[in-house]
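Trainee: What follows is a single structure, and I will ask about it in a moment.
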Amino acid sequence: MMKPFLVALQFLTRLPVFLKTQPNEKQIGNSLLYYPLVGLLIGLLLLSLGWLLNHTQPLVTAALLVASWVLLTGALHLDGLADSSDAWVGGMGDREKTLAIMKDPNCGPSGVVALILILLLKFVALYGLIIANEWITILLTCMLARTLIPLLFLTTPYVRSDGLGSPFATHQPRRLSIIVVAATPLLILLLTDRVYLWLVIAAVMAFLLLRALMIKRLGGTTGDTAGALIEITETIVLLAAVLILDPTNNLL
């Protein structure tokens, strides 16, 4: 049971993880069960950094949190976002062209713009949450975004037979994945205030929208679009938190 968790930790973060042997495809597939737990760990590390920066100016704290977030995850999901953005614009509605561009390691102007916008929006949202003292939202954001990945592989065909995500799609434990996907938001709602239900709703809406776009253009998902799903969902949930949880907005 420990090996799949370490595989998930190694894949989703840049924390030092040493595996004595290479994981087999079944262990890679089982690692999806631990994505919400890795999200929890990422959130806890970011909260710890926020606590250490407690007396720092909020703007500086927000900037350091964004930078740490990127470094902690190795910009893996940002790479998927950039590739997906380039492919969506350059593919001009054509499935095969979109998939071909997505494999190009070079980052085009659309990818650069997407990266700038997503990091800017995260920075602004984090600044607002720090001012509102809504630190738990960072934790919930990391968990919710990574819970969507096993859900994505459960509900969406993987379109590359030789892609990075192929072992995940082929060897995913479906029944246990359903339990994990259902249990994570349920635990969040049981252990936090009911107002955080809005964050769960924001994550679900982001998933439904992005999955629909994937199905329409590609007929399924790829590793890059899965990474883009994490980045965009994190940003949407953070922005939703600022709009809903900040008492100065008076939205609720």
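By convention in this document, the chains of the structure tokens carry letters A, B, ... by their order, each chain's residues are numbered from 1, and ligands are numbered from 1 in the order they are shown.
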I'd like the contact shell of Leu164 in chain A - 9 Å cut-off, only C-alpha atoms, skipping same-chain residues fewer than 4 positions apart - returned as a VMD selection string.
Mentor: chain A and resid 160 168 222 to 223
Trainee: If you keep C-alpha atoms, can you produce a file of those selected residues as a short mmCIF file (atom, residue, chain, number, x, y, z; two decimals), in the first residue's frame?
Mentor:
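Result written to out-v8.cif:
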data_model
loop_
_atom_site.label_atom_id
_atom_site.label_comp_id
_atom_site.auth_asym_id
_atom_site.auth_seq_id
_atom_site.Cartn_x
_atom_site.Cartn_y
_atom_site.Cartn_z
CA ARG A 160 -3.09 8.26 -26.26
CA PHE A 168 -3.22 5.29 -14.96
CA THR A 222 -4.45 13.32 -22.16
CA GLY A 223 -1.82 13.84 -19.50
#
Trainee: Write out as CSV the residues of range 142-177 of chain A that have any atom within 12 Å of an atom of range 184-202 of chain A, one row each with the nearest atom pair and its distance in Å to one decimal, counting only C-alpha atoms, sorted by chain and then rising number.
Mentor:
residue,atom,partner,partner_atom,distance
A:Cys142,CA,A:Leu199,CA,11.4
A:Met143,CA,A:Thr184,CA,8.0
A:Leu144,CA,A:Val200,CA,7.2
A:Ala145,CA,A:Val200,CA,9.7
A:Arg146,CA,A:Thr184,CA,10.2
A:Thr147,CA,A:Thr184,CA,7.3
A:Leu148,CA,A:Thr184,CA,10.2
A:Pro150,CA,A:Thr184,CA,11.6
A:Leu151,CA,A:Thr184,CA,11.5
A:Ser177,CA,A:Thr184,CA,10.7
Trainee: Figure out the distance between CA of Ile230 in chain A and CA of Ser31 in chain A, please, to one decimal in Å.
Mentor: 16.4 Å
Trainee: Can you tell me which residues surround range 85-96 of chain A at a distance of at most 8 Å, considering only C-alpha atoms, apart from same-chain residues fewer than 2 positions away, and format the answer as a list in words?
Mentor: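 Counting only the stated atoms, we get Leu81, Ala82, Asp83, Thr98, Leu99, Ala100, Ile101, Met102, Cys107, Gly108, Pro109, Ser110, Gly111, Ala114, Arg217 and Leu218 of chain A.
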Trainee: Can you list, as a PyMOL selection string, every protein, DNA or RNA residue that comes within 12 Å of Leu210 in chain A when you count only C-alpha atoms, leaving out same-chain residues fewer than 5 positions away?
Mentor: chain A and resi 81+84+148+152+156+203-205+215-218+220-221+225-233+236
Trainee: Compare A:Trp135, A:Ala241, A:Ala169, A:Thr73 by their minimum atom-to-atom distance to Gly50 in chain A, counting only C-alpha atoms, and give me the closest one.
Mentor: A:Trp135
Trainee: With only C-alpha atoms as the counted atoms, please give the residues lying no more than 12 Å from Asn133 in chain A, apart from itself and same-chain residues fewer than 2 positions off, as an MDAnalysis selection string.
Mentor: chainID A and resid 47 50:51 54 58 126:131 135:138 241:242 245:247
Trainee: Range 29-194 of chain A: which residues are alpha helix (DSSP H) by DSSP, as a ChimeraX atom specification?
Mentor: /A:29-30,35-52,58-73,76-90,95-102,109-131,136-155,166-171,174-191
Trainee: What separation in Å, quoted to one decimal, exists between CA of Gly43 in chain A and CA of Leu115 in chain A?
Mentor: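 CA of Leu115 in chain A lies 20.9 Å from CA of Gly43 in chain A.
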Trainee: What is the CA of Lys103 in chain A-CA of Asp224 in chain A distance in Å, reported with one decimal?
Mentor: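 These two atoms are separated by 9.0 Å.
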Trainee: Would you list the contacts of Val7 in chain A as a VMD selection string, taking every protein, DNA or RNA residue within 7 Å and counting only C-alpha atoms, but skipping same-chain residues closer than 3 positions in sequence?
Mentor: chain A and resid 3 to 4 10 to 11 28 31
Trainee: Counting only C-alpha atoms, which of A:Thr21, A:Thr13, A:Ser161, A:Gln172 gets nearest to Leu33 in chain A?
Mentor: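 Closest candidate: A:Gln172.
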